[in-house]
>>> print(open('run-v2.txt').read())   # compact mmCIF, C-alpha atoms and all ligand atoms
# COMPACT_ATOMS: atom_id res chain seq x y z
CA MET A 49 0.00 0.00 0.00
CA TYR A 50 2.95 2.34 0.70
CA ASN A 51 3.82 4.52 -2.27
CA ALA A 52 6.65 6.98 -1.66
CA LYS A 53 6.22 8.69 -5.02
CA ALA A 54 2.50 9.31 -4.43
CA ILE A 55 3.37 11.04 -1.13
CA SER A 56 6.15 13.22 -2.52
CA ASP A 57 3.99 14.14 -5.56
CA PHE A 58 1.09 15.02 -3.26
CA TYR A 59 3.19 17.31 -1.06
CA ASP A 60 5.09 18.81 -4.00
CA LYS A 61 1.71 19.88 -5.41
CA TYR A 62 0.33 20.87 -2.00
CA GLY A 63 3.02 23.57 -1.93
CA MET A 64 2.30 26.70 0.12
CA ARG A 65 -0.97 25.28 1.48
CA GLU A 66 1.18 23.26 3.86
CA TRP A 67 2.85 26.45 5.16
CA GLU A 68 -0.59 28.03 5.69
CA ARG A 69 -2.16 24.97 7.33
CA LEU A 70 -1.43 25.84 10.95
CA ASN A 71 -2.42 29.49 10.77
CA LEU A 72 -5.62 29.47 8.71
CA THR A 73 -8.20 29.52 11.49
CA ALA A 74 -8.45 29.86 15.28
CA TYR A 75 -8.82 26.08 15.45
CA ASP A 76 -5.52 25.58 13.60
CA ARG A 77 -3.83 28.06 15.93
CA ILE A 78 -4.97 25.99 18.93
CA ASN A 79 -3.35 22.97 17.28
CA PHE A 80 -0.12 24.90 16.76
CA TYR A 81 -0.22 26.20 20.34
CA LEU A 82 -0.60 22.71 21.85
CA HIS A 83 2.04 21.14 19.61
CA MET A 84 4.46 23.87 20.76
CA HIS A 85 3.46 23.46 24.40
CA PHE A 86 4.21 19.73 24.16
CA LEU A 87 7.61 20.48 22.58
CA GLN A 88 8.92 23.55 24.39
CA ASP A 89 10.87 21.80 27.17
CA PHE A 90 12.83 19.72 24.65
CA ILE A 91 14.26 22.49 22.47
CA GLY A 92 16.52 25.44 23.23
CA GLU A 93 20.15 26.53 23.35
CA GLY A 94 22.67 23.76 22.81
CA LYS A 95 20.20 21.12 21.56
CA ASN A 96 20.59 19.28 18.30
CA VAL A 97 17.14 18.67 16.80
CA LEU A 98 15.84 16.67 13.82
CA ASP A 99 12.56 17.88 12.29
CA ALA A 100 11.51 14.71 10.46
CA GLY A 101 8.75 15.27 7.90
CA CYS A 102 9.31 18.99 8.41
CA GLY A 103 6.96 20.11 5.63
CA ALA A 104 7.16 23.87 5.09
CA GLY A 105 9.12 24.33 8.30
CA ARG A 106 6.56 25.79 10.74
CA PHE A 107 8.12 23.91 13.64
CA SER A 108 11.70 24.07 12.30
CA ILE A 109 11.47 27.87 12.60
CA GLU A 110 10.35 27.68 16.24
CA ILE A 111 13.07 25.13 16.98
CA ALA A 112 15.74 27.38 15.43
CA LYS A 113 14.33 30.47 17.20
CA SER A 114 14.66 28.67 20.54
CA GLY A 115 18.44 28.48 19.99
CA SER A 116 18.60 24.83 18.89
CA ASN A 117 20.34 23.67 15.76
CA VAL A 118 17.83 22.01 13.45
CA THR A 119 18.19 19.46 10.65
CA LEU A 120 15.22 19.34 8.29
CA LEU A 121 14.14 16.17 6.50
CA ASP A 122 11.23 15.58 4.14
CA ILE A 123 10.24 13.34 1.26
CA SER A 124 8.98 16.36 -0.72
CA LYS A 125 11.59 18.54 -2.44
CA GLU A 126 9.03 21.32 -2.81
CA GLN A 127 8.28 21.39 0.94
CA LEU A 128 12.02 21.54 1.70
CA LYS A 129 12.36 24.42 -0.75
CA ILE A 130 9.57 26.36 0.99
CA ALA A 131 11.07 25.60 4.41
CA LYS A 132 14.45 26.95 3.29
CA ILE A 133 12.86 30.19 2.05
CA LYS A 134 10.93 30.59 5.33
CA LEU A 135 14.04 30.01 7.45
CA GLU A 136 15.94 32.49 5.30
CA GLU A 137 13.17 35.11 5.66
CA ASN A 138 13.46 34.69 9.42
CA ASN A 139 17.28 34.98 9.36
CA LEU A 140 17.59 31.50 10.82
CA LEU A 141 19.67 29.69 8.21
CA SER A 142 22.71 29.86 10.54
CA LYS A 143 20.77 27.60 12.96
CA THR A 144 20.14 24.88 10.34
CA ASP A 145 22.47 21.91 9.99
CA GLY A 146 21.01 20.61 6.74
CA PHE A 147 18.05 20.03 4.44
CA ILE A 148 17.69 16.34 3.65
CA ASN A 149 15.40 14.98 0.98
CA GLY A 150 14.72 11.56 2.45
CA ASP A 151 12.19 8.94 3.45
CA LEU A 152 11.45 8.18 7.11
CA ARG A 153 11.63 4.48 6.27
CA ASP A 154 15.39 4.72 5.86
CA LEU A 155 17.42 7.35 7.68
CA SER A 156 20.74 5.63 6.92
CA MET A 157 22.20 8.99 5.85
CA LEU A 158 22.12 9.84 9.60
CA GLU A 159 24.33 8.21 12.23
CA ASP A 160 23.02 6.55 15.40
CA ASN A 161 22.53 8.61 18.58
CA ILE A 162 23.11 12.13 17.21
CA PHE A 163 20.01 14.19 18.13
CA ASP A 164 18.90 15.40 21.56
CA THR A 165 15.36 15.75 20.24
CA VAL A 166 13.59 14.24 17.24
CA VAL A 167 10.30 15.81 16.16
CA CYS A 168 7.91 14.11 13.74
CA TYR A 169 4.87 16.38 13.79
CA GLY A 170 1.84 16.86 11.57
CA ALA A 171 1.12 13.23 10.71
CA PRO A 172 4.01 12.08 8.47
CA LEU A 173 3.79 8.65 10.14
CA ASN A 174 0.18 8.21 8.97
CA TYR A 175 1.50 7.85 5.40
CA LEU A 176 4.03 5.16 6.31
CA MET A 177 1.34 2.46 6.38
CA GLU A 178 3.01 -0.97 6.78
CA ASN A 179 6.39 0.76 7.28
CA ARG A 180 5.38 2.68 10.41
CA GLU A 181 7.30 0.40 12.78
CA LYS A 182 10.47 0.72 10.73
CA ALA A 183 10.10 4.51 10.63
CA VAL A 184 9.62 4.76 14.41
CA GLU A 185 12.71 2.57 14.91
CA GLU A 186 14.68 4.90 12.64
CA LEU A 187 13.52 8.00 14.56
CA ILE A 188 14.64 6.36 17.80
CA ARG A 189 17.93 5.09 16.36
CA VAL A 190 19.12 8.61 15.49
CA THR A 191 18.12 9.96 18.94
CA LYS A 192 20.76 10.11 21.69
CA PRO A 193 20.18 7.77 24.65
CA GLY A 194 18.20 9.86 27.13
CA GLY A 195 16.94 12.09 24.27
CA THR A 196 13.30 12.70 23.41
CA VAL A 197 11.18 11.66 20.42
CA LEU A 198 7.98 13.65 19.80
CA ILE A 199 5.30 12.54 17.38
CA SER A 200 1.93 13.77 16.21
CA VAL A 201 -0.33 11.63 14.07
CA ASN A 202 -3.91 11.86 12.91
CA SER A 203 -6.12 10.06 15.35
CA LYS A 204 -8.70 7.52 14.22
CA TRP A 205 -11.40 8.71 16.59
CA GLY A 206 -10.45 12.37 16.38
CA VAL A 207 -10.67 12.35 12.60
CA ILE A 208 -14.14 10.79 12.63
CA ARG A 209 -15.25 13.27 15.28
CA SER A 210 -13.83 16.18 13.30
CA GLN A 211 -16.27 15.42 10.44
CA LEU A 212 -19.04 16.53 12.80
CA GLY A 213 -17.41 19.95 13.17
CA ARG A 214 -17.17 20.67 9.44
CA GLU A 215 -19.32 23.44 8.07
CA ASP A 216 -21.24 23.06 4.82
CA PHE A 217 -20.87 19.30 5.13
CA ASP A 218 -23.46 16.64 4.34
CA TYR A 219 -23.21 14.71 7.62
CA THR A 220 -26.09 12.37 6.78
CA SER A 221 -24.59 11.37 3.48
CA PHE A 222 -21.19 10.74 5.11
CA PHE A 223 -22.45 8.65 8.02
CA GLY A 224 -25.21 7.22 5.83
CA LYS A 225 -22.66 5.62 3.46
CA PRO A 226 -20.24 3.87 5.81
CA ASP A 227 -19.07 1.37 3.18
CA TYR A 228 -18.39 4.03 0.55
CA TRP A 229 -16.35 6.08 3.04
CA TYR A 230 -14.65 2.98 4.53
CA ILE A 231 -15.80 4.10 7.99
CA ASN A 232 -15.77 0.62 9.49
CA GLU A 233 -12.55 -0.32 7.75
CA VAL A 234 -10.87 2.72 9.30
CA VAL A 235 -12.29 1.90 12.73
CA ASP A 236 -11.33 -1.79 12.55
CA SER A 237 -7.90 -1.61 10.92
CA GLY A 238 -6.96 2.08 11.05
CA ASP A 239 -6.32 1.96 7.29
CA LEU A 240 -7.93 4.31 4.80
CA PRO A 241 -7.07 3.08 1.28
CA GLN A 242 -6.87 5.44 -1.70
CA HIS A 243 -10.36 6.91 -2.19
CA GLU A 244 -11.76 8.71 -5.22
CA MET A 245 -13.01 11.58 -3.03
CA VAL A 246 -9.90 11.90 -0.85
CA SER A 247 -6.88 13.62 -2.34
CA HIS A 248 -4.37 12.28 0.20
CA PRO A 249 -2.46 9.04 -0.45
CA PRO A 250 -3.50 6.07 1.75
CA ARG A 251 -3.11 6.66 5.48
CA HIS A 252 -3.16 4.65 8.66
CA PHE A 253 -5.03 6.34 11.53
CA PHE A 254 -3.82 5.63 15.05
CA GLU A 255 -5.37 5.24 18.47
CA THR A 256 -3.66 5.84 21.79
CA GLU A 257 -2.95 2.29 22.93
CA GLU A 258 -1.60 1.27 19.56
CA LEU A 259 0.77 4.25 19.35
CA GLU A 260 1.85 3.85 22.95
CA ASN A 261 2.61 0.14 22.45
CA LEU A 262 4.53 0.85 19.26
CA LEU A 263 6.71 3.48 20.96
CA ILE A 264 7.41 1.35 24.01
CA LYS A 265 8.18 -1.74 21.92
CA SER A 266 10.58 0.30 19.80
CA GLY A 267 12.57 1.53 22.81
CA LEU A 268 10.92 4.62 24.35
CA ASN A 269 10.32 5.11 28.04
CA ASN A 270 8.00 7.45 30.00
CA VAL A 271 5.59 7.74 27.09
CA ILE A 272 3.11 10.63 27.44
CA LEU A 273 0.09 11.02 25.18
CA GLY A 274 -2.04 14.03 24.35
CA GLY A 275 -4.94 15.12 22.15
CA SER A 276 -4.87 18.24 19.96
CA PRO A 277 -7.14 20.13 19.96
CA CYS A 278 -8.65 18.72 23.11
CA ILE A 279 -11.50 20.67 24.71
CA THR A 280 -12.25 22.38 21.39
CA SER A 281 -11.88 19.25 19.26
CA ALA A 282 -14.28 19.55 16.28
CA PHE A 283 -15.66 22.90 17.53
CA ARG A 284 -14.22 25.03 14.72
CA LYS A 285 -16.96 27.65 14.77
CA ALA A 286 -16.76 28.14 18.55
CA ALA A 287 -12.97 28.52 18.39
CA GLU A 288 -13.34 31.24 15.74
CA ALA A 289 -15.74 33.22 17.96
CA ILE A 290 -13.68 32.74 21.12
CA GLU A 291 -10.47 33.99 19.52
CA LYS A 292 -12.07 37.42 18.99
CA ASN A 293 -12.19 38.03 22.75
CA GLU A 294 -8.80 38.15 24.47
CA THR A 295 -9.97 36.85 27.86
CA ALA A 296 -12.09 34.09 26.36
CA TRP A 297 -9.15 33.03 24.16
CA ARG A 298 -6.77 32.94 27.14
CA THR A 299 -9.33 30.95 29.14
CA ILE A 300 -9.75 28.34 26.44
CA LEU A 301 -5.96 28.02 25.92
CA ASP A 302 -5.52 27.53 29.69
CA LEU A 303 -8.22 24.84 29.67
CA GLU A 304 -6.61 23.14 26.69
CA GLU A 305 -3.24 23.14 28.49
CA LYS A 306 -4.77 21.56 31.57
CA ALA A 307 -6.72 18.93 29.64
CA TYR A 308 -4.75 17.83 26.60
CA CYS A 309 -2.43 15.32 28.28
CA LYS A 310 -5.18 13.65 30.27
CA ARG A 311 -5.22 10.06 29.17
CA THR A 312 -9.01 10.01 28.76
CA MET A 313 -8.86 12.96 26.35
CA ALA A 314 -6.07 11.81 24.07
CA ASP A 315 -8.20 9.87 21.55
CA ASN A 316 -10.52 12.84 21.16
CA GLY A 317 -8.19 15.20 19.32
CA GLU A 318 -7.76 15.36 15.57
CA PHE A 319 -4.05 14.90 16.31
CA LEU A 320 -2.71 12.38 18.75
CA LEU A 321 0.50 13.61 20.39
CA ALA A 322 3.07 11.30 21.92
CA ARG A 323 6.54 11.74 23.34
CA GLY A 324 8.98 9.50 25.12
CA THR A 325 12.59 9.20 26.21
CA LYS A 326 15.03 6.87 24.49
CA LEU A 327 16.17 4.21 26.90
CA ASN A 328 19.85 4.40 27.72
CA ARG A 329 20.21 0.74 26.78
CA GLY A 330 19.16 1.56 23.16
CA LEU A 331 16.76 -0.11 20.81
CA LYS A 332 14.63 -2.92 22.21
CA GLY A 333 17.16 -3.60 24.99
C1 LIG A 401 1.13 17.61 7.03
S1 LIG A 401 2.82 17.80 6.71
C2 LIG A 401 3.49 18.24 8.30
C3 LIG A 401 4.68 19.15 8.21
C4 LIG A 401 5.26 19.64 9.53
N1 LIG A 401 5.87 18.57 10.28
C5 LIG A 401 4.21 20.32 10.36
O1 LIG A 401 3.71 19.72 11.32
O2 LIG A 401 3.86 21.47 10.05
C6 LIG A 401 3.41 16.13 6.51
C7 LIG A 401 4.80 16.10 5.91
O3 LIG A 401 5.30 14.78 6.02
C8 LIG A 401 6.06 14.50 4.86
N2 LIG A 401 6.15 13.04 4.70
C9 LIG A 401 5.15 12.16 4.48
N3 LIG A 401 5.65 10.92 4.37
C10 LIG A 401 7.00 11.01 4.52
C11 LIG A 401 8.06 10.05 4.48
N4 LIG A 401 7.84 8.76 4.24
N5 LIG A 401 9.32 10.50 4.68
C12 LIG A 401 9.57 11.81 4.90
N6 LIG A 401 8.59 12.76 4.92
C13 LIG A 401 7.32 12.36 4.73
C14 LIG A 401 5.28 15.18 3.75
O4 LIG A 401 6.05 15.38 2.59
C15 LIG A 401 4.84 16.48 4.43
O5 LIG A 401 5.74 17.52 4.20
>>> encode(input="run-v2.txt", output="structure tokens")
Amino acid sequence: MYNAKAISDFYDKYGMREWERLNLTAYDRINFYLHMHFLQDFIGEGKNVLDAGCGAGRFSIEIAKSGSNVTLLDISKEQLKIAKIKLEENNLLSKTDGFINGDLRDLSMLEDNIFDTVVCYGAPLNYLMENREKAVEELIRVTKPGGTVLISVNSKWGVIRSQLGREDFDYTSFFGKPDYWYINEVVDSGDLPQHEMVSHPPRHFFETEELENLLIKSGLNNVILGGSPCITSAFRKAAEAIEKNETAWRTILDLEEKAYCKRTMADNGEFLLARGTKLNRGLKG
């Protein structure tokens, strides 16, 4: 099912839309805020960071701004090109250690144990399909013992829930045609095959236990999970209204911060966040 060329073609064509993705609406800004909150203690002066599946570099910029040195890697040449321009516009090229056009399945161009922090945000792992275990092992291999791996993937339950928050959407037709939309297939296996109405290549959607087990099995310790957005998950219209009032916006961000790493909330978010520490004894003991 995995098709590297389909993914790179998709993101080459997606172009600047990927840069805009996290700043289009209030809802997207909550996602960005929580992803940064989850990451902030693991970047900063003196840290060597890999942004794996960096896309247009939204997080690479924040990583570089924090004082870390960042290496960017993506399967799409076009996304890397945009990321380079964005880092240049922000005068941050001196904080970049490289732009690598590569596939998460095989990071052999990178040595073992070289990064303090490895970030794989914005659902690159969803596209890995049957290669997701190999990709997670690669992310952990290049992390220093004691270093941190941070991941965000699209959540199976969160993605279904998010359909209910879409405006101008025919909910009855969607939930009324479960076979056509592969709803049960996604729920049972996590896999959404190529679909005539979905522009993305095939993806595997995750749930908390599955992701947690995969990370632990691959050599991470102290795994923490989160849901993004959490309290506001699927409530796009409410988020838009709330952002217009400073106090209301602060209140909702504070609530999100308090809630998003609660275990019972993690499956609710459109994105499932996870981070863990690489065991000192290395891969799989
Ligand atoms: C939705 S974007 C997220 C970009 C960025 N991490 C963010 O959160 O803003 C997903 C990115 O993952 C990349 N990607 C998907 N599959 C990949 C693979 N097998 N190897 C490397 N990058 C991949 C895509 O090219 C795309 O740029």
>>> atom_distance(input="run-v2.txt", atom1="CA of Arg106 (chain A)", atom2="CA of Leu70 (chain A)")
8.0 Å
>>> atom_distance(input="run-v2.txt", atom1="CA of Lys310 (chain A)", atom2="CA of Val190 (chain A)")
28.9 Å
>>> closest_residue(input="run-v2.txt", among="A:Lys53, A:Arg298, A:Lys326, A:Arg189", to="Ser156 (chain A)", atoms="only C-alpha atoms")
A:Arg189
>>> atom_distance(input="run-v2.txt", atom1="CA of Val197 (chain A)", atom2="CA of Leu158 (chain A)")
15.5 Å
>>> closest_residue(input="run-v2.txt", among="A:Thr295, A:Lys285, A:Leu98, A:Leu327", to="Leu212 (chain A)", atoms="all atoms listed in the file")
A:Lys285
>>> closest_residue(input="run-v2.txt", among="A:Tyr228, A:Phe107, A:Tyr81, A:Tyr75", to="ligand LIG 401 (chain A)", atoms="all atoms listed in the file")
A:Phe107
>>> residues_around(input="run-v2.txt", residues="region 125-128 of chain A", least_positions_apart="3", cutoff="10 Å", atoms="only C-alpha atoms", output="list in words")
Ser56, Asp57, Tyr59, Asp60, Lys61, Tyr62, Gly63, Met64, Glu66, Trp67, Gly101, Cys102, Gly103, Ala104, Gly105, Leu120, Leu121, Asp122, Ala131, Lys132, Ile133, Lys134, Phe147, Ile148, Asn149 and Gly150 of chain A
>>> residues_around(input="run-v2.txt", residues="Glu93 (chain A)", least_positions_apart="4", cutoff="12 Å", atoms="all atoms listed in the file", output="tab-separated table (two decimals) with C-alpha atoms, in the coordinates of the input")
chain	number	residue	atom	x	y	z
A	88	GLN	CA	8.92	23.55	24.39
A	89	ASP	CA	10.87	21.80	27.17
A	97	VAL	CA	17.14	18.67	16.80
A	111	ILE	CA	13.07	25.13	16.98
A	112	ALA	CA	15.74	27.38	15.43
A	113	LYS	CA	14.33	30.47	17.20
A	114	SER	CA	14.66	28.67	20.54
A	115	GLY	CA	18.44	28.48	19.99
A	116	SER	CA	18.60	24.83	18.89
A	117	ASN	CA	20.34	23.67	15.76
A	118	VAL	CA	17.83	22.01	13.45
A	143	LYS	CA	20.77	27.60	12.96
A	164	ASP	CA	18.90	15.40	21.56
>>> residues_around(input="run-v2.txt", residues="Trp297 (chain A)", least_positions_apart="2", cutoff="12 Å", atoms="all atoms listed in the file", output="number ranges by chain")
A: 74-75, 77-78, 81, 280, 286-295, 299-304
>>> closest_residue(input="run-v2.txt", among="A:Ile279, A:Cys168, A:Val184, A:Leu259", to="ligand LIG 401 (chain A)", atoms="only C-alpha atoms and all ligand atoms")
A:Cys168
>>> closest_residue(input="run-v2.txt", among="A:Asn202, A:Thr73, A:Ser247, A:Thr165", to="ligand LIG 401 (chain A)", atoms="only C-alpha atoms and all ligand atoms")
A:Asn202
>>> closest_residue(input="run-v2.txt", among="A:Gln242, A:Asn139, A:Thr191, A:Asn79", to="Leu320 (chain A)", atoms="only C-alpha atoms")
A:Asn79
>>> residues_around(input="run-v2.txt", residues="Glu318 (chain A)", least_positions_apart="6", cutoff="12 Å", atoms="only C-alpha atoms", output="VMD selection string")
chain A and resid 75 to 76 78 to 79 170 to 171 200 to 213 253 to 255 274 to 284 308
>>> residues_near_point(input="run-v2.txt", point="(10.7, 8.3, 32.6)", cutoff="12 Å", atoms="only C-alpha atoms", output="list in words")
Gly194, Gly195, Thr196, Ile264, Leu268, Asn269, Asn270, Val271, Ile272, Arg323, Gly324, Thr325, Lys326, Leu327 and Asn328 of chain A
>>> write_last_selection(input="run-v2.txt", atoms="C-alpha atoms", output="mmCIF file, in the frame of the given file")
data_model
loop_
_atom_site.group_PDB
_atom_site.id
_atom_site.type_symbol
_atom_site.label_atom_id
_atom_site.label_comp_id
_atom_site.auth_asym_id
_atom_site.auth_seq_id
_atom_site.Cartn_x
_atom_site.Cartn_y
_atom_site.Cartn_z
ATOM 1 C CA GLY A 194 18.200 9.860 27.130
ATOM 2 C CA GLY A 195 16.940 12.090 24.270
ATOM 3 C CA THR A 196 13.300 12.700 23.410
ATOM 4 C CA ILE A 264 7.410 1.350 24.010
ATOM 5 C CA LEU A 268 10.920 4.620 24.350
ATOM 6 C CA ASN A 269 10.320 5.110 28.040
ATOM 7 C CA ASN A 270 8.000 7.450 30.000
ATOM 8 C CA VAL A 271 5.590 7.740 27.090
ATOM 9 C CA ILE A 272 3.110 10.630 27.440
ATOM 10 C CA ARG A 323 6.540 11.740 23.340
ATOM 11 C CA GLY A 324 8.980 9.500 25.120
ATOM 12 C CA THR A 325 12.590 9.200 26.210
ATOM 13 C CA LYS A 326 15.030 6.870 24.490
ATOM 14 C CA LEU A 327 16.170 4.210 26.900
ATOM 15 C CA ASN A 328 19.850 4.400 27.720
#
>>> decode(input="run-v2.txt", residues="region 118-133 of chain A", atoms="N, CA and C atoms", output="JSON list (two decimals), in the first residue's frame")
[["chain", "number", "residue", "atom", "x", "y", "z"],
["A", 118, "VAL", "N", 18.85, 22.91, 13.98],
["A", 118, "VAL", "CA", 17.83, 22.01, 13.45],
["A", 118, "VAL", "C", 18.24, 21.44, 12.10],
["A", 119, "THR", "N", 18.02, 20.13, 11.94],
["A", 119, "THR", "CA", 18.19, 19.46, 10.65],
["A", 119, "THR", "C", 16.80, 19.17, 10.12],
["A", 120, "LEU", "N", 16.55, 19.54, 8.87],
["A", 120, "LEU", "CA", 15.22, 19.34, 8.29],
["A", 120, "LEU", "C", 15.24, 18.16, 7.34],
["A", 121, "LEU", "N", 14.22, 17.32, 7.40],
["A", 121, "LEU", "CA", 14.14, 16.17, 6.50],
["A", 121, "LEU", "C", 12.71, 16.03, 6.00],
["A", 122, "ASP", "N", 12.57, 15.82, 4.70],
["A", 122, "ASP", "CA", 11.23, 15.58, 4.14],
["A", 122, "ASP", "C", 11.34, 14.83, 2.83],
["A", 123, "ILE", "N", 10.27, 14.11, 2.51],
["A", 123, "ILE", "CA", 10.24, 13.34, 1.26],
["A", 123, "ILE", "C", 9.94, 14.25, 0.06],
["A", 124, "SER", "N", 9.37, 15.43, 0.35],
["A", 124, "SER", "CA", 8.98, 16.36, -0.72],
["A", 124, "SER", "C", 10.02, 17.46, -0.91],
["A", 125, "LYS", "N", 10.58, 17.51, -2.13],
["A", 125, "LYS", "CA", 11.59, 18.54, -2.44],
["A", 125, "LYS", "C", 10.96, 19.92, -2.37],
["A", 126, "GLU", "N", 9.71, 20.02, -2.80],
["A", 126, "GLU", "CA", 9.03, 21.32, -2.81],
["A", 126, "GLU", "C", 8.84, 21.84, -1.38],
["A", 127, "GLN", "N", 8.46, 20.95, -0.46],
["A", 127, "GLN", "CA", 8.28, 21.39, 0.94],
["A", 127, "GLN", "C", 9.62, 21.85, 1.52],
["A", 128, "LEU", "N", 10.70, 21.13, 1.20],
["A", 128, "LEU", "CA", 12.02, 21.54, 1.70],
["A", 128, "LEU", "C", 12.41, 22.91, 1.14],
["A", 129, "LYS", "N", 12.04, 23.14, -0.12],
["A", 129, "LYS", "CA", 12.36, 24.42, -0.75],
["A", 129, "LYS", "C", 11.63, 25.56, -0.02],
["A", 130, "ILE", "N", 10.35, 25.33, 0.27],
["A", 130, "ILE", "CA", 9.57, 26.36, 0.99],
["A", 130, "ILE", "C", 10.17, 26.58, 2.38],
["A", 131, "ALA", "N", 10.51, 25.49, 3.05],
["A", 131, "ALA", "CA", 11.07, 25.60, 4.41],
["A", 131, "ALA", "C", 12.36, 26.43, 4.39],
["A", 132, "LYS", "N", 13.19, 26.21, 3.38],
["A", 132, "LYS", "CA", 14.45, 26.95, 3.29],
["A", 132, "LYS", "C", 14.18, 28.44, 3.13],
["A", 133, "ILE", "N", 13.22, 28.78, 2.27],
["A", 133, "ILE", "CA", 12.86, 30.19, 2.05],
["A", 133, "ILE", "C", 12.35, 30.80, 3.36]]
